[in-house]
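Student: Let me begin by handing over the structure; questions about it come next.
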Amino acid sequence: QKEVEQNSGPLSVPEGAIASLNCTYSDRGSQSFFWYRQYSGKSPELIMSIYSNGDKEDGRFTAQLNKASQYVSLLIRDSQPSDSATYLCAVIRNQFYFGTGTSLTVIP
Amino acid sequence: DTEVTQTPKHLVMGMTNKKSLKCEQHMGHRAMYWYKQKAKKPPELMFVYSYEKLSINESVPSRFSPECPNSSLLNLHLHALQPEDSALYLCASSPTVAWADTQYFGPGTRLTVL
């Protein structure tokens with residue numbers, strides 16, 4: 001079983017819709033959780049970090065963490081074509097574990 | 001400011017060449033990392049420096065040689081690479097000791113080995 005799992009997609013949503021990205025992790029001792037956005041050919045860019053159960057909002061982005069169910073999600077409201085990218089979930093448990101990423105396409 | 005810089009942006013080298021990748025951060029971060037990323041794959045950890053000491057070396061071939069001259073600089077020396085080493089090489093840093101904190105990535109060096 002992989003440490004961090006994501007649906008690879010591709011996920012397509014129309015402009016203005018809500019995009020929902022999900023990530024599950026295997027180790028209950030995982031402490032810190034991150035979402036990175038990566039445009040094709042570019043480096044990962046930190047979008048959100050979340051450390052405790054519940055929701056954390058930053059502009060159009062909301063991260064949700066449920067440690068009991070071992071999942072973390074990212075919601076993108078009012079999706080824009082510029083949000084089209086691969087979204088990497090990352091978890092810290094003694095080291096940084098990346099998921100394989102979900103490819104998101106926002107259709108104008 | 002969360003800037004990590006990397007040079008060069010692009011590098012093409014032959015299998016007999018020796019080259020170096022450079023990474024710099026001026027955020028006072030104490031941990032620095034080298035990752036390798038192939039197309040449509042997540043970043044793959046190569047080396048970790050924590051307080052300028054190599055703390056993790058993920059069984060990377062000896063043709064890759066890291067160096068941390070000081071707390072702001074991280075180099076990756078390349079020698080006798082193979083075409084399969086062509087990838088995006090990413091440097092990252094984090095504020096405190098390795099694995100305890102958020103990692104910030106540089107723009108990467110796109111390496112092509114002919």
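In the structure tokens, the first chain shown is A, the next is B, and so on; residue numbers restart at 1 for each chain, and ligands run from 1 in the order shown.
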What's around Cys23 (chain B) at 8 Å? Count only C-alpha atoms, leave out sequence neighbours fewer than 4 positions away in its own chain, and write the answer as a ChimeraX atom specification.

Tutor: /B:4-7,73-75,91,106

Student: If we count only C-alpha atoms and set the cut-off at 10 Å, which residues sit around Phe98 (chain A), ignoring sequence neighbours fewer than 2 positions away in its own chain? Please answer as a list in words.

Tutor: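 Selected residues are Lys2, Glu3, Val4, Glu5, Gln6, Tyr25, Phe34, Trp35, Tyr36, Leu88, Cys89, Ala90, Val91, Ile92, Gln95, Phe96, Thr100 and Gly101 of chain A; Lys41, Pro42, Pro43, Glu44 and Leu45 of chain B.
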
Student: Using only C-alpha atoms, pick whichever of A:Gly29, A:Pro108, A:Gly41, A:Pro14 has the shortest atom-to-atom distance to Thr86 (chain A).

Tutor: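 With only C-alpha atoms as the atom set, the closest residue is A:Gly41.
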
Student: Go through B:Ser20, B:Thr96, B:Gln37, B:Ser50 and flag the residue nearest chain A, using only C-alpha atoms for the distances.

Tutor: B:Gln37

Student: Gln38 (chain A): which residues within 7 Å, counting only C-alpha atoms, same-chain residues fewer than 3 positions away excluded, as an MDAnalysis selection string?

Tutor: chainID A and resid 42:45 85:87

Student: Counting only C-alpha atoms, which residue out of B:Leu76, B:Val113, B:Leu81, B:Leu90 sits closest to Lys22 (chain B)?

Tutor: B:Leu76

Student: Select from chain B every residue with an atom at most 12 Å from any atom of chain A, then for each give the shortest pair of atoms and their distance in Å to one decimal, using only C-alpha atoms, rows by chain and rising number, as a tab-separated table.

Tutor:
```
residue	atom	partner	partner_atom	distance
B:Thr2	CA	A:Leu46	CA	10.2
B:Glu3	CA	A:Glu45	CA	10.9
B:Val4	CA	A:Ser43	CA	10.9
B:Thr5	CA	A:Ser43	CA	11.4
B:Gln6	CA	A:Ser43	CA	11.0
B:Lys9	CA	A:Lys42	CA	10.6
B:His10	CA	A:Gly41	CA	11.4
B:Tyr33	CA	A:Phe96	CA	10.7
B:Tyr35	CA	A:Ser43	CA	10.7
B:Lys36	CA	A:Ser43	CA	11.0
B:Gln37	CA	A:Ser43	CA	9.4
B:Lys38	CA	A:Gly41	CA	10.1
B:Ala39	CA	A:Gly41	CA	8.4
B:Lys40	CA	A:Thr100	CA	8.0
B:Lys41	CA	A:Thr100	CA	6.1
B:Pro42	CA	A:Thr100	CA	5.2
B:Pro43	CA	A:Phe98	CA	7.2
B:Glu44	CA	A:Phe98	CA	8.5
B:Leu45	CA	A:Phe96	CA	8.6
B:Met46	CA	A:Phe96	CA	11.9
B:Phe47	CA	A:Gln95	CA	11.8
B:Val48	CA	A:Gln95	CA	10.1
B:Ser55	CA	A:Gln95	CA	11.6
B:Ile56	CA	A:Gln95	CA	10.0
B:Glu58	CA	A:Gln95	CA	11.7
B:Ala87	CA	A:Gly41	CA	10.2
B:Leu88	CA	A:Gly41	CA	8.0
B:Tyr89	CA	A:Ser43	CA	9.2
B:Leu90	CA	A:Ser43	CA	7.1
B:Cys91	CA	A:Ser43	CA	9.3
B:Ala92	CA	A:Pro44	CA	9.8
B:Ser94	CA	A:Phe96	CA	11.3
B:Val97	CA	A:Gln95	CA	11.0
B:Ala98	CA	A:Gln95	CA	7.7
B:Trp99	CA	A:Gln95	CA	5.0
B:Ala100	CA	A:Ile92	CA	7.5
B:Asp101	CA	A:Ser32	CA	8.0
B:Thr102	CA	A:Ser49	CA	7.8
B:Gln103	CA	A:Leu46	CA	8.1
B:Tyr104	CA	A:Leu46	CA	7.1
B:Phe105	CA	A:Pro44	CA	6.3
B:Gly106	CA	A:Ser43	CA	6.7
B:Pro107	CA	A:Ser43	CA	5.1
B:Gly108	CA	A:Ser43	CA	6.1
B:Thr109	CA	A:Ser43	CA	9.4
B:Arg110	CA	A:Gly41	CA	8.5
B:Leu111	CA	A:Gly41	CA	11.8
```

Student: Which residues in region 8-92 of chain A does DSSP call strand (DSSP E or B)? List them as an MDAnalysis selection string.

Tutor: chainID A and resid 11:14 19:25 32:38 45:50 54:58 61:66 71:76 85:92

Student: Produce a file of the selected residues containing N, CA and C atoms, as a CSV table (one decimal), in the first residue's frame.

Tutor:
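Just written: again-v7.csv:
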```
chain,number,residue,atom,x,y,z
A,11,LEU,N,-9.2,15.2,-14.0
A,11,LEU,CA,-10.4,15.7,-13.5
A,11,LEU,C,-10.7,17.0,-14.3
A,12,SER,N,-11.9,17.0,-14.9
A,12,SER,CA,-12.3,18.2,-15.7
A,12,SER,C,-13.5,18.8,-15.1
A,13,VAL,N,-13.5,20.1,-14.9
A,13,VAL,CA,-14.6,20.9,-14.4
A,13,VAL,C,-14.8,22.1,-15.2
A,14,PRO,N,-16.1,22.6,-15.4
A,14,PRO,CA,-16.3,23.8,-16.1
A,14,PRO,C,-15.8,25.1,-15.3
A,19,ALA,N,-14.0,22.5,-7.9
A,19,ALA,CA,-13.2,21.3,-8.1
A,19,ALA,C,-12.8,20.6,-6.8
A,20,SER,N,-13.0,19.3,-6.7
A,20,SER,CA,-12.8,18.6,-5.4
A,20,SER,C,-11.7,17.6,-5.7
A,21,LEU,N,-10.6,17.7,-4.9
A,21,LEU,CA,-9.4,16.8,-5.1
A,21,LEU,C,-9.3,16.1,-3.7
A,22,ASN,N,-9.0,14.8,-3.8
A,22,ASN,CA,-9.0,13.9,-2.6
A,22,ASN,C,-7.6,13.2,-2.5
A,23,CYS,N,-7.3,12.9,-1.3
A,23,CYS,CA,-6.0,12.2,-1.0
A,23,CYS,C,-6.2,11.4,0.3
A,24,THR,N,-5.8,10.2,0.2
A,24,THR,CA,-5.8,9.3,1.4
A,24,THR,C,-4.4,8.9,1.8
A,25,TYR,N,-4.1,8.7,3.1
A,25,TYR,CA,-2.8,8.3,3.5
A,25,TYR,C,-2.9,7.1,4.5
A,32,SER,N,1.5,16.3,9.4
A,32,SER,CA,1.4,17.5,8.6
A,32,SER,C,1.0,17.2,7.2
A,33,PHE,N,0.2,18.0,6.6
A,33,PHE,CA,-0.4,17.7,5.3
A,33,PHE,C,-0.4,19.0,4.4
A,34,PHE,N,-0.1,18.7,3.2
A,34,PHE,CA,0.2,19.9,2.2
A,34,PHE,C,-0.5,19.6,0.9
A,35,TRP,N,-0.9,20.7,0.2
A,35,TRP,CA,-1.3,20.6,-1.2
A,35,TRP,C,-0.3,21.5,-1.9
A,36,TYR,N,0.2,20.9,-3.0
A,36,TYR,CA,1.1,21.7,-3.9
A,36,TYR,C,0.4,21.7,-5.3
A,37,ARG,N,0.6,22.8,-6.0
A,37,ARG,CA,0.1,22.9,-7.4
A,37,ARG,C,1.4,22.9,-8.3
A,38,GLN,N,1.3,22.1,-9.4
A,38,GLN,CA,2.4,22.1,-10.3
A,38,GLN,C,2.0,22.2,-11.7
A,45,GLU,N,4.4,24.3,-6.2
A,45,GLU,CA,4.2,25.6,-5.5
A,45,GLU,C,3.2,25.3,-4.4
A,46,LEU,N,3.5,25.7,-3.2
A,46,LEU,CA,2.7,25.4,-2.0
A,46,LEU,C,1.4,26.2,-2.1
A,47,ILE,N,0.3,25.4,-2.0
A,47,ILE,CA,-1.1,26.0,-2.0
A,47,ILE,C,-1.6,26.2,-0.5
A,48,MET,N,-1.6,25.0,0.2
A,48,MET,CA,-2.1,25.0,1.5
A,48,MET,C,-1.4,24.0,2.4
A,49,SER,N,-1.3,24.3,3.7
A,49,SER,CA,-0.9,23.4,4.7
A,49,SER,C,-2.0,23.2,5.7
A,50,ILE,N,-2.1,22.0,6.3
A,50,ILE,CA,-3.1,21.8,7.3
A,50,ILE,C,-2.6,20.8,8.3
A,54,GLY,N,-10.5,19.4,10.5
A,54,GLY,CA,-11.4,20.4,10.1
A,54,GLY,C,-11.0,21.1,8.8
A,55,ASP,N,-11.6,22.3,8.6
A,55,ASP,CA,-11.4,23.0,7.4
A,55,ASP,C,-10.4,24.2,7.6
A,56,LYS,N,-9.7,24.5,6.5
A,56,LYS,CA,-8.8,25.7,6.5
A,56,LYS,C,-9.0,26.4,5.2
A,57,GLU,N,-9.4,27.6,5.2
A,57,GLU,CA,-9.7,28.3,4.0
A,57,GLU,C,-8.7,29.4,3.7
A,58,ASP,N,-8.4,29.6,2.4
A,58,ASP,CA,-7.5,30.6,2.0
A,58,ASP,C,-7.9,31.0,0.6
A,61,PHE,N,-9.5,28.6,-2.0
A,61,PHE,CA,-9.0,27.2,-1.7
A,61,PHE,C,-9.5,26.9,-0.2
A,62,THR,N,-10.0,25.6,-0.1
A,62,THR,CA,-10.3,25.1,1.3
A,62,THR,C,-9.7,23.7,1.4
A,63,ALA,N,-8.8,23.5,2.4
A,63,ALA,CA,-8.3,22.2,2.7
A,63,ALA,C,-9.1,21.6,3.8
A,64,GLN,N,-9.4,20.3,3.7
A,64,GLN,CA,-10.2,19.6,4.7
A,64,GLN,C,-9.4,18.4,5.2
A,65,LEU,N,-9.3,18.2,6.5
A,65,LEU,CA,-8.5,17.1,7.1
A,65,LEU,C,-9.4,16.3,8.0
A,66,ASN,N,-9.4,15.0,7.8
A,66,ASN,CA,-10.1,14.1,8.7
A,66,ASN,C,-9.2,13.0,9.0
A,71,TYR,N,-8.0,11.0,5.5
A,71,TYR,CA,-8.1,11.7,4.2
A,71,TYR,C,-7.9,13.2,4.3
A,72,VAL,N,-7.4,13.7,3.3
A,72,VAL,CA,-7.3,15.2,3.2
A,72,VAL,C,-7.8,15.6,1.8
A,73,SER,N,-8.5,16.7,1.7
A,73,SER,CA,-9.1,17.1,0.4
A,73,SER,C,-8.8,18.6,0.2
A,74,LEU,N,-8.9,19.0,-1.0
A,74,LEU,CA,-8.7,20.4,-1.4
A,74,LEU,C,-9.9,20.7,-2.3
A,75,LEU,N,-10.6,21.8,-1.9
A,75,LEU,CA,-11.7,22.3,-2.7
A,75,LEU,C,-11.3,23.6,-3.3
A,76,ILE,N,-11.5,23.7,-4.6
A,76,ILE,CA,-11.2,25.0,-5.3
A,76,ILE,C,-12.6,25.6,-5.8
A,85,ALA,N,-3.8,22.4,-13.7
A,85,ALA,CA,-2.5,22.0,-13.3
A,85,ALA,C,-2.6,20.6,-12.6
A,86,THR,N,-1.4,20.1,-12.2
A,86,THR,CA,-1.4,18.8,-11.4
A,86,THR,C,-1.3,19.2,-9.9
A,87,TYR,N,-2.1,18.6,-9.1
A,87,TYR,CA,-2.2,18.9,-7.7
A,87,TYR,C,-1.6,17.8,-6.9
A,88,LEU,N,-0.5,18.0,-6.2
A,88,LEU,CA,0.2,17.0,-5.4
A,88,LEU,C,-0.2,17.1,-3.9
A,89,CYS,N,-0.6,16.0,-3.4
A,89,CYS,CA,-0.8,15.9,-1.9
A,89,CYS,C,0.5,15.4,-1.3
A,90,ALA,N,0.8,16.0,-0.2
A,90,ALA,CA,2.1,15.5,0.5
A,90,ALA,C,1.8,15.4,2.0
A,91,VAL,N,2.4,14.4,2.6
A,91,VAL,CA,2.2,14.1,4.0
A,91,VAL,C,3.6,13.9,4.7
A,92,ILE,N,3.7,14.5,5.9
A,92,ILE,CA,5.0,14.2,6.7
A,92,ILE,C,4.7,13.2,7.7
```

Student: What's the 7 Å shell around Pro95 (chain B), counting only C-alpha atoms, without same-chain residues fewer than 4 positions away, as a list in words?

Tutor: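 These residues fall inside the cut-off: Gly28, His29, Arg30, Ala31 and Asp101 of chain B.
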
Student: Leaving out Asp83 (chain A) and any residue of its chain fewer than 3 positions from it, which residues lie within 7 Å of it when counting only C-alpha atoms, given as JSON, numbers by chain?

Tutor: {"A": [79, 80, 106]}
